[in-house]
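Structure data (mmCIF, C-alpha atoms and all ligand atoms) from protein_5.cif:
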```cif
data_my_file
#
loop_
_atom_site.label_atom_id
_atom_site.label_comp_id
_atom_site.auth_asym_id
_atom_site.auth_seq_id
_atom_site.Cartn_x
_atom_site.Cartn_y
_atom_site.Cartn_z
CA MET O 1 97.74 196.72 64.88
CA TYR O 2 94.49 198.73 65.24
CA LEU O 3 92.48 195.73 64.09
CA LYS O 4 94.20 193.52 66.68
CA ARG O 5 93.48 196.04 69.45
CA PHE O 6 89.88 196.43 68.29
CA LEU O 7 89.37 192.67 68.32
CA ALA O 8 90.89 192.36 71.79
CA VAL O 9 88.66 195.11 73.19
CA SER O 10 85.48 194.09 71.42
CA ARG O 11 85.74 190.34 72.14
CA PRO O 12 82.94 189.50 74.60
CA PRO O 13 84.14 188.21 77.96
CA PRO O 14 83.65 184.47 78.46
CA PRO O 15 80.19 183.60 79.75
CA LEU O 16 79.88 183.31 83.51
CA CYS O 17 77.89 180.13 83.95
CA VAL O 18 78.39 178.94 87.48
CA ASP O 19 76.34 180.74 90.11
CA LEU O 20 78.33 180.74 93.34
CA SER O 21 76.00 183.01 95.30
CA VAL O 22 74.48 179.85 96.74
CA ARG O 23 77.90 178.37 97.44
CA ASN O 24 79.18 180.88 99.97
CA THR O 25 77.78 181.30 103.46
CA LEU O 26 77.94 185.11 103.28
CA ALA O 27 75.68 184.91 100.18
CA LEU O 28 77.78 187.32 98.12
CA PRO O 29 76.84 187.43 94.44
CA CYS O 30 79.45 185.66 92.29
CA ARG O 31 79.57 183.93 88.93
CA ALA O 32 82.40 181.80 87.58
CA GLU O 33 83.15 180.76 83.99
CA THR O 34 83.24 177.00 84.56
CA GLY O 35 83.31 174.55 87.40
CA ARG O 36 84.06 170.88 87.93
CA THR O 37 83.86 168.31 90.68
CA LEU O 38 86.82 166.01 91.25
CA ARG O 39 86.53 162.56 92.79
CA SER O 40 90.13 161.30 92.94
CA ARG O 41 93.80 162.16 92.57
CA SER O 42 93.82 160.89 88.96
CA GLU O 43 90.83 163.11 88.09
CA ALA O 44 92.61 166.07 89.67
CA LEU O 45 95.76 165.41 87.62
CA ALA O 46 93.76 165.11 84.39
CA ALA O 47 91.82 168.29 85.21
CA TRP O 48 95.06 170.12 85.95
CA ALA O 49 96.48 169.17 82.53
CA GLU O 50 93.32 170.51 80.86
CA ASP O 51 92.47 173.59 82.96
CA ALA O 52 95.79 175.03 84.13
CA PRO O 53 96.94 176.21 80.66
CA ARG O 54 93.56 177.89 80.09
CA GLY O 55 93.44 180.25 83.04
CA PRO O 56 93.25 180.46 86.81
CA VAL O 57 92.01 177.50 88.83
CA THR O 58 90.20 178.31 92.10
CA VAL O 59 89.50 175.67 94.71
CA LEU O 60 86.26 176.19 96.59
CA GLY O 61 84.91 174.11 99.45
CA GLU O 62 81.63 175.15 101.08
CA GLY O 63 82.52 178.84 100.77
CA SER O 64 82.35 179.41 104.53
CA ASN O 65 85.57 181.38 104.83
CA VAL O 66 85.77 183.37 101.59
CA LEU O 67 84.80 186.77 100.27
CA LEU O 68 83.94 186.17 96.63
CA PRO O 69 84.22 188.77 93.85
CA PRO O 70 81.27 189.35 91.47
CA ARG O 71 83.15 187.53 88.67
CA LEU O 72 85.58 184.68 89.12
CA PRO O 73 87.64 184.02 85.97
CA GLY O 74 88.79 180.53 84.98
CA THR O 75 87.64 177.26 86.50
CA VAL O 76 86.34 176.54 89.97
CA TRP O 77 87.28 173.15 91.37
CA HIS O 78 85.32 171.41 94.01
CA LEU O 79 86.11 168.05 95.64
CA ALA O 80 83.51 165.32 96.00
CA ALA O 81 82.39 163.97 99.36
CA LEU O 82 83.59 160.35 99.51
CA ALA O 83 83.17 158.04 102.49
CA PRO O 84 86.13 158.33 104.93
CA ARG O 85 88.19 155.20 105.56
CA PHE O 86 88.57 154.35 109.24
CA GLU O 87 91.57 152.10 109.72
CA ARG O 88 92.82 150.22 112.76
CA ARG O 89 94.00 152.03 115.85
CA GLY O 90 92.23 155.33 115.16
CA ARG O 91 93.75 156.25 111.86
CA VAL O 92 91.38 157.77 109.30
CA GLU O 93 91.97 158.72 105.67
CA VAL O 94 89.51 161.21 104.25
CA PHE O 95 89.08 162.90 100.86
CA GLY O 96 89.04 166.71 100.87
CA GLY O 97 85.40 167.17 99.77
CA VAL O 98 83.90 165.55 102.87
CA SER O 99 82.23 167.99 105.23
CA LEU O 100 84.19 168.42 108.44
CA ASP O 101 81.05 168.17 110.54
CA SER O 102 80.09 164.82 109.04
CA LEU O 103 83.63 163.54 109.66
CA VAL O 104 83.37 164.67 113.30
CA HIS O 105 80.03 162.87 113.56
CA LEU O 106 81.40 159.63 112.07
CA ALA O 107 84.53 159.73 114.24
CA CYS O 108 82.35 160.18 117.35
CA GLN O 109 80.18 157.25 116.27
CA GLU O 110 83.36 155.15 116.03
CA GLY O 111 84.14 156.20 119.60
CA LEU O 112 87.27 158.10 118.49
CA TRP O 113 88.58 161.18 120.29
CA GLY O 114 90.36 164.14 118.72
CA LEU O 115 87.77 166.00 116.63
CA GLU O 116 84.76 166.24 118.97
CA ASN O 117 85.16 169.92 119.91
CA LEU O 118 85.25 170.84 116.21
CA SER O 119 81.62 169.84 115.74
CA ALA O 120 79.28 172.17 113.82
CA ILE O 121 82.09 174.08 112.06
CA PRO O 122 80.95 174.55 108.45
CA GLY O 123 83.29 173.66 105.59
CA THR O 124 85.14 170.79 103.99
CA VAL O 125 87.94 168.66 105.32
CA GLY O 126 90.22 169.83 102.46
CA ALA O 127 89.86 173.48 103.46
CA ALA O 128 90.29 172.80 107.18
CA PRO O 129 94.13 172.81 107.09
CA VAL O 130 94.18 176.19 105.29
CA GLN O 131 93.42 178.12 108.45
CA ASN O 132 94.05 175.17 110.78
CA VAL O 133 90.47 175.23 112.00
CA GLY O 134 89.99 175.27 115.71
CA ALA O 135 87.32 175.77 118.33
CA TYR O 136 86.60 175.12 122.00
CA GLY O 137 90.17 174.21 122.88
CA GLN O 138 90.92 171.86 119.97
CA SER O 139 92.53 172.46 116.57
CA LEU O 140 93.05 170.34 113.48
CA ASP O 141 96.87 170.26 113.66
CA GLU O 142 96.65 168.16 116.85
CA VAL O 143 95.40 165.18 114.82
CA VAL O 144 96.96 165.65 111.35
CA GLU O 145 99.47 162.96 110.46
CA ALA O 146 99.90 163.79 106.76
CA LEU O 147 98.21 165.49 103.81
CA GLU O 148 98.21 164.65 100.11
CA VAL O 149 98.73 167.86 98.21
CA LEU O 150 98.61 168.76 94.49
CA ASP O 151 100.88 171.69 93.64
CA LEU O 152 98.75 173.73 91.23
CA ARG O 153 101.84 175.43 89.78
CA THR O 154 103.67 172.25 88.76
CA GLY O 155 100.98 169.55 88.67
CA GLN O 156 103.00 167.40 91.12
CA CYS O 157 101.37 165.43 93.95
CA ALA O 158 103.12 164.74 97.25
CA TRP O 159 102.38 163.70 100.83
CA TRP O 160 103.35 166.33 103.40
CA THR O 161 103.85 165.70 107.09
CA ALA O 162 102.05 167.94 109.60
CA ARG O 163 105.37 169.65 110.31
CA GLU O 164 105.72 170.62 106.64
CA CYS O 165 102.32 172.39 106.80
CA ASP O 166 103.64 175.04 109.28
CA PHE O 167 100.45 175.04 111.32
CA SER O 168 99.85 177.75 113.91
CA TYR O 169 96.83 179.63 115.29
CA ARG O 170 94.39 179.99 112.33
CA ASP O 171 97.34 179.78 109.96
CA SER O 172 99.36 177.39 107.82
CA ARG O 173 101.63 177.19 104.80
CA PHE O 174 98.49 177.00 102.61
CA ARG O 175 97.16 180.32 103.89
CA GLY O 176 100.57 181.85 103.20
CA SER O 177 100.50 180.78 99.53
CA LEU O 178 96.84 180.95 98.56
CA GLY O 179 95.88 179.29 95.31
CA ALA O 180 99.13 177.32 95.08
CA TYR O 181 97.91 174.00 96.48
CA LEU O 182 94.97 171.64 96.44
CA VAL O 183 94.61 169.47 99.55
CA LEU O 184 93.33 166.15 98.22
CA THR O 185 93.41 163.82 101.21
CA LEU O 186 94.00 164.04 104.95
CA ARG O 187 95.38 161.25 107.11
CA LEU O 188 94.40 161.83 110.71
CA ARG O 189 95.40 160.07 113.91
CA LEU O 190 92.50 159.86 116.37
CA HIS O 191 92.42 158.03 119.70
CA ARG O 192 90.30 155.28 121.23
CA GLY O 193 91.06 156.24 124.80
CA GLY O 194 90.81 159.99 125.26
CA HIS O 195 89.81 162.70 127.67
CA PRO O 196 87.32 165.48 127.13
CA VAL O 197 88.89 168.90 126.52
CA LEU O 198 86.92 171.11 128.90
CA SER O 199 89.21 174.14 129.06
CA TYR O 200 86.86 176.42 127.14
CA ALA O 201 84.29 178.37 129.14
CA GLY O 202 80.89 176.75 129.30
CA VAL O 203 81.78 173.31 127.89
CA GLU O 204 81.93 171.50 131.23
CA ALA O 205 78.67 173.02 132.47
CA ARG O 206 76.87 172.18 129.23
CA LEU O 207 78.21 168.61 129.32
CA ALA O 208 77.01 168.19 132.90
CA GLN O 209 73.46 169.07 131.78
CA SER O 210 73.31 166.11 129.40
CA LEU O 211 75.17 163.44 131.42
CA SER O 212 73.71 161.52 134.30
CA PRO O 213 75.78 161.87 137.52
CA GLY O 214 78.94 159.75 137.46
CA ALA O 215 78.61 158.86 133.76
CA GLN O 216 81.77 158.92 131.60
CA ALA O 217 81.62 161.42 128.74
CA ARG O 218 81.91 159.96 125.24
CA PRO O 219 83.24 161.92 122.23
CA SER O 220 79.66 162.28 120.97
CA ASP O 221 78.62 163.91 124.29
CA LEU O 222 81.31 166.55 123.82
CA ALA O 223 80.33 167.09 120.18
CA GLU O 224 76.70 167.65 121.18
CA ALA O 225 77.63 170.01 124.04
CA VAL O 226 79.74 172.12 121.68
CA ARG O 227 77.03 172.07 119.00
CA ALA O 228 74.50 173.38 121.53
CA LEU O 229 76.87 176.13 122.74
CA ARG O 230 77.56 177.24 119.18
CA ALA O 231 73.85 177.34 118.32
CA GLU O 232 73.27 179.66 121.30
CA LYS O 233 76.19 181.96 120.54
CA LEU O 234 76.40 182.29 116.76
CA PRO O 235 73.79 183.54 114.30
CA ASP O 236 72.65 180.77 111.93
CA TRP O 237 74.27 181.51 108.56
CA HIS O 238 71.33 179.92 106.70
CA ARG O 239 69.09 182.71 108.02
CA LEU O 240 71.64 185.49 108.52
CA PRO O 241 74.52 184.87 106.07
CA ASN O 242 77.99 185.16 107.62
CA VAL O 243 81.44 183.56 107.68
CA GLY O 244 81.68 182.94 111.43
CA SER O 245 84.38 184.94 113.21
CA PHE O 246 85.38 187.75 110.90
CA PHE O 247 88.60 188.66 112.74
CA LYS O 248 91.27 186.61 114.47
CA ASN O 249 91.84 187.07 118.18
CA PRO O 250 94.93 189.32 118.30
CA GLN O 251 98.03 187.81 119.89
CA LEU O 252 99.83 190.40 121.99
CA SER O 253 103.27 190.45 123.55
CA PRO O 254 103.33 190.55 127.38
CA GLU O 255 104.17 194.30 127.24
CA ALA O 256 101.35 195.09 124.82
CA PHE O 257 99.00 192.95 126.88
CA GLN O 258 99.82 194.87 130.05
CA GLN O 259 99.47 198.22 128.30
CA LEU O 260 96.06 197.23 127.00
CA SER O 261 94.95 195.98 130.43
CA ALA O 262 95.89 199.36 131.92
CA ARG O 263 94.33 201.34 129.07
CA ALA O 264 91.07 199.41 128.93
CA PRO O 265 90.25 197.78 132.28
CA GLU O 266 86.66 197.26 131.08
CA LEU O 267 87.93 194.50 128.77
CA ALA O 268 88.71 192.28 131.79
CA LEU O 269 91.79 190.86 130.07
CA ARG O 270 92.65 188.84 133.18
CA SER O 271 90.42 186.14 131.75
CA PHE O 272 93.17 185.46 129.19
CA THR O 273 96.76 184.89 130.25
CA SER O 274 98.86 187.10 132.47
CA SER O 275 101.94 186.39 130.35
CA GLY O 276 100.36 187.97 127.28
CA GLY O 277 98.72 186.02 124.54
CA LYS O 278 95.40 186.10 122.80
CA VAL O 279 92.88 188.86 123.39
CA SER O 280 89.21 188.56 122.54
CA ALA O 281 88.55 190.35 119.25
CA ALA O 282 84.83 190.27 120.10
CA ALA O 283 85.48 192.26 123.31
CA LEU O 284 87.50 194.86 121.36
CA ILE O 285 84.78 195.22 118.71
CA GLN O 286 82.07 195.48 121.32
CA GLY O 287 84.15 198.03 123.26
CA ALA O 288 84.52 200.09 120.09
CA GLY O 289 80.73 200.20 119.84
CA TRP O 290 80.18 197.94 116.84
CA ARG O 291 78.10 195.14 118.36
CA GLY O 292 74.67 195.15 116.71
CA ARG O 293 75.51 198.14 114.49
CA ARG O 294 74.27 198.01 110.91
CA ARG O 295 75.52 199.96 107.90
CA GLY O 296 73.30 199.45 104.83
CA PRO O 297 73.11 195.75 103.96
CA VAL O 298 75.86 194.68 106.38
CA GLY O 299 76.49 194.86 110.11
CA MET O 300 78.19 193.32 113.14
CA ALA O 301 75.73 190.86 114.69
CA GLN O 302 73.89 191.69 117.90
CA GLN O 303 74.20 188.04 118.94
CA HIS O 304 78.03 188.03 118.60
CA ALA O 305 80.18 191.11 117.96
CA LEU O 306 82.77 189.13 115.99
CA VAL O 307 80.34 188.01 113.29
CA LEU O 308 79.82 190.23 110.25
CA VAL O 309 76.43 189.55 108.67
CA ASN O 310 74.78 190.19 105.31
CA TYR O 311 71.21 191.40 105.88
CA GLY O 312 70.52 190.94 102.16
CA GLY O 313 71.93 192.22 98.90
CA ALA O 314 75.45 192.99 100.17
CA SER O 315 78.44 193.08 97.82
CA ARG O 316 82.07 192.37 98.67
CA ASP O 317 82.70 196.12 98.64
CA ASP O 318 80.08 196.60 101.38
CA VAL O 319 81.78 193.91 103.44
CA ASP O 320 85.27 195.36 102.91
CA TRP O 321 84.03 198.82 103.84
CA LEU O 322 82.47 197.66 107.10
CA ALA O 323 85.46 195.48 108.01
CA GLY O 324 87.82 198.42 107.39
CA SER O 325 85.65 200.71 109.55
CA VAL O 326 85.66 198.21 112.43
CA GLN O 327 89.44 197.76 112.16
CA ALA O 328 89.96 201.55 112.19
CA SER O 329 87.70 202.04 115.25
CA VAL O 330 89.39 199.27 117.24
CA TYR O 331 92.83 200.64 116.39
CA ALA O 332 91.82 204.19 117.33
CA ARG O 333 90.38 203.09 120.66
CA TYR O 334 92.75 200.31 121.75
CA GLY O 335 95.84 200.56 119.50
CA VAL O 336 95.29 196.93 118.40
CA ARG O 337 95.25 195.87 114.76
CA LEU O 338 92.61 193.28 113.91
CA GLU O 339 93.47 190.75 111.21
CA ARG O 340 90.72 189.36 109.02
CA GLU O 341 89.98 185.64 108.95
CA PRO O 342 88.04 185.12 105.66
CA LEU O 343 90.00 185.15 102.42
CA HIS O 344 89.54 187.20 99.26
CA LEU O 345 89.34 184.89 96.25
C1 LIG B 401 78.96 179.98 111.04
C2 LIG B 401 80.43 179.73 110.86
C3 LIG B 401 81.20 179.32 111.95
C4 LIG B 401 82.56 179.09 111.81
N1 LIG B 401 83.27 178.67 112.89
C5 LIG B 401 84.59 178.41 112.78
C6 LIG B 401 85.33 177.96 113.91
O1 LIG B 401 84.82 177.76 115.00
N2 LIG B 401 86.66 177.73 113.74
C7 LIG B 401 87.29 177.89 112.55
O2 LIG B 401 88.50 177.65 112.46
N3 LIG B 401 86.60 178.32 111.46
C8 LIG B 401 85.28 178.58 111.54
N4 LIG B 401 84.57 179.02 110.45
C9 LIG B 401 85.28 179.24 109.18
C10 LIG B 401 85.17 178.06 108.18
O3 LIG B 401 84.19 177.16 108.58
C11 LIG B 401 86.50 177.32 108.05
O4 LIG B 401 87.52 178.18 107.67
C12 LIG B 401 86.41 176.17 107.01
O5 LIG B 401 87.56 175.38 107.09
C13 LIG B 401 86.24 176.65 105.57
O6 LIG B 401 85.91 175.53 104.78
P1 LIG B 401 85.24 175.69 103.35
O7 LIG B 401 85.17 174.33 102.74
O8 LIG B 401 83.98 176.43 103.45
O9 LIG B 401 86.36 176.54 102.61
P2 LIG B 401 86.13 177.73 101.57
O10 LIG B 401 85.54 178.89 102.30
O11 LIG B 401 85.42 177.24 100.37
O12 LIG B 401 87.64 178.08 101.21
C14 LIG B 401 88.48 178.66 102.17
C15 LIG B 401 89.90 178.72 101.56
O13 LIG B 401 90.39 177.40 101.44
C16 LIG B 401 90.73 177.11 100.07
N5 LIG B 401 90.37 175.72 99.87
C17 LIG B 401 89.13 175.16 99.90
N6 LIG B 401 89.24 173.83 99.72
C18 LIG B 401 90.55 173.56 99.56
C19 LIG B 401 91.30 172.37 99.30
N7 LIG B 401 90.72 171.16 99.19
N8 LIG B 401 92.64 172.47 99.16
C20 LIG B 401 93.27 173.67 99.27
N9 LIG B 401 92.62 174.83 99.50
C21 LIG B 401 91.28 174.76 99.64
C22 LIG B 401 89.92 178.09 99.25
O14 LIG B 401 90.54 178.33 98.01
C23 LIG B 401 89.94 179.32 100.15
O15 LIG B 401 91.16 180.01 100.01
C24 LIG B 401 83.19 179.25 110.55
C25 LIG B 401 82.42 179.66 109.44
C26 LIG B 401 81.05 179.88 109.60
C27 LIG B 401 80.23 180.28 108.41
#
```

Represent the structure contained in this file as structure tokens.
Amino acid sequence: MYLKRFLAVSRPPPPLCVDLSVRNTLALPCRAETGRTLRSRSEALAAWAEDAPRGPVTVLGEGSNVLLPPRLPGTVWHLAALAPRFERRGRVEVFGGVSLDSLVHLACQEGLWGLENLSAIPGTVGAAPVQNVGAYGQSLDEVVEALEVLDLRTGQCAWWTARECDFSYRDSRFRGSLGAYLVLTLRLRLHRGGHPVLSYAGVEARLAQSLSPGAQARPSDLAEAVRALRAEKLPDWHRLPNVGSFFKNPQLSPEAFQQLSARAPELALRSFTSSGGKVSAAALIQGAGWRGRRRGPVGMAQQHALVLVNYGGASRDDVDWLAGSVQASVYARYGVRLEREPLHL
């Protein structure tokens, strides 16, 4: 019995071979035991049979929405980027490892509408359904027809309809059961004849700058307008590592919305909806005095209050500490609870 315990305690932990510090946009230090790249459903099924009995399997895309621990046990899976298949009448089938931005680019080149306002969002297509990515008035669920999913608990593959994914604002069935599924393939329905979505502040004005008077906007014009707006607003994660918006915009009931408007007129909540709805998390963070404030290696960006940045050498504990401090300040000042967007792996 003592010998068994001694052996268990003294056995060296498995070597951590895969350096993931360069595979997450917040540049947190992380090493995993093993990793593999999968190129098809049959490879995923074979890998599942081999890896699942050995320990945890973690799916990682471009690491643009995760907070990684220093050590990740088990195997990290990563999907390959294979060329999307554009079919007739705007349908496209795309493997999960393709970058979302390159898919947006290709769809725009094909003259297809539906993804253009999602340009310049980092990350893979396979991860996009997890938080139902959205930006500038468009979200992924508007174009999803079906997804091919591998259940990592049973090893079974199935096609799910968009309805079965339970999409909502920055949420889905995948986010609710993290680690349970691998999204292998997306089937999207895009449109040949479409209209620009201009509802988001600044898009129309930016588009007008690049179009000659009277010209019809193409999907690629929208994609470029959004790309330019994002470059102005958000710090570049290559130079100042971050995961984009760190908190979701809180959704308030009409009563809570009115109370907040009365309590904090400086937030100018009229710019949202008078029947309640989403409130700008950036405005709340700025109002609580966190914009541009730095604590050790981390801080809330000067350029955009919603973006938590790593100035160099930050750990996940530093990030958690700062995020908790911001949440506590916003709650103390406005009575609103901020929910985090990036996921702990
Ligand atoms: C600068 C910047 C700007 C951003 N702007 C936006 C924005 O405007 N809108 C928006 O919605 N998001 C935005 N994000 C967040 C991020 O880009 C998205 O959440 C993106 O979908 C994450 O993709 P990823 O491949 O990096 O996923 P990862 O960060 O690698 O993983 C995220 C989660 O998805 C899981 N996952 C990854 N791949 C798969 C798969 N194939 N199947 C199942 N689960 C999987 C992971 O296990 C993890 O739980 C931004 C991030 C950055 C850095």

Exercise. Given a cut-off of 6 Å, what residues near ligand LIG 401 (chain B) show up using all atoms listed in the file, put as JSON, numbers by chain?
Worked result: {"O": [25, 58, 59, 60, 61, 62, 63, 64, 65, 66, 96, 121, 122, 123, 124, 126, 127, 128, 130, 131, 133, 134, 135, 178, 181, 182, 183, 184, 237, 242, 243, 244, 343]}

Problem set entry | atom CA of Thr185 of chain O to atom CA of Pro241 of chain O, straight-line distance in Å |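 Those two atoms sit 28.7 Å apart.
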
Exercise. For Pro29 of chain O, which residue out of O:Arg295, O:Arg54, O:Arg71, O:Arg153 is the nearest one, using all atoms listed in the file?
Worked result: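 Under the stated criterion, the closest residue is O:Arg71.
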
Problem set entry | atom CA of Leu103 of chain O to atom CA of Val226 of chain O, straight-line distance in Å | 15.3 Å

For this session: Grab the atom CA of Ser329 of chain O to atom CA of Arg316 of chain O distance for me, in Å with one decimal place.
Result: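 Spanning atom CA of Ser329 of chain O to atom CA of Arg316 of chain O is a straight-line distance of 20.0 Å.
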
Problem set entry | Pick from O:Gly299, O:Leu72, O:Ala47, O:Gly55 nearest to Leu20 of chain O, counting all atoms listed in the file |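 Distance minimum relative to Leu20 of chain O lands on O:Leu72.
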
Problem set entry | Selected residue of minimal separation from Ala146 of chain O among O:Arg227, O:His105, O:Arg163, O:Arg187, counting all atoms listed in the file |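 Result for the nearest residue to Ala146 of chain O: O:Arg187.
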
Exercise. So which residues touch Gln138 of chain O within 8 Å, counting only C-alpha atoms, skipping near sequence neighbours fewer than 6 positions away, as a list in words?
Worked result: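 The residues that qualify are Gly114, Leu115, Asn117, Leu118 and Val197 of chain O.
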
Exercise. Within 12 Å of (73.5, 171.8, 122.6), only C-alpha atoms: residues as a list in words?
Worked result: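 Those within range, by chain then number, are Ser119, Ala120, Gly202, Val203, Ala205, Arg206, Leu207, Ala208, Gln209, Ser210, Ser220, Asp221, Leu222, Ala223, Glu224, Ala225, Val226, Arg227, Ala228, Leu229, Arg230, Ala231, Glu232 and Lys233 of chain O.
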
For this session: Just the residues within 12 Å of Leu186 of chain O, please, counting all atoms listed in the file, with nothing from its chain fewer than 2 positions along; format it as an MDAnalysis selection string.
Result: chainID O and resid 84:86 91:98 100 103 124:129 140:141 143:149 158:162 165 182:184 188:189

Problem set entry | Among the residues O:Ala49, O:Val22, O:Val76, O:Leu260, the one that comes closest to Leu345 of chain O [using all atoms listed in the file] |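 That would be O:Val76, the residue with the smallest distance to Leu345 of chain O.
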
Seminar exercise, completed: If you count only C-alpha atoms, the residue of O:Leu38, O:Ala256, O:Cys157, O:Cys30 closest to Lys278 of chain O turns out to be O:Ala256

For this session: Using only C-alpha atoms, pick whichever of O:Ala305, O:Ala83, O:Val326, O:Ala52 has the shortest atom-to-atom distance to Ala180 of chain O.
Result: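 Between O:Ala305, O:Ala83, O:Val326, O:Ala52, the residue approaching Ala180 of chain O most closely is O:Ala52.
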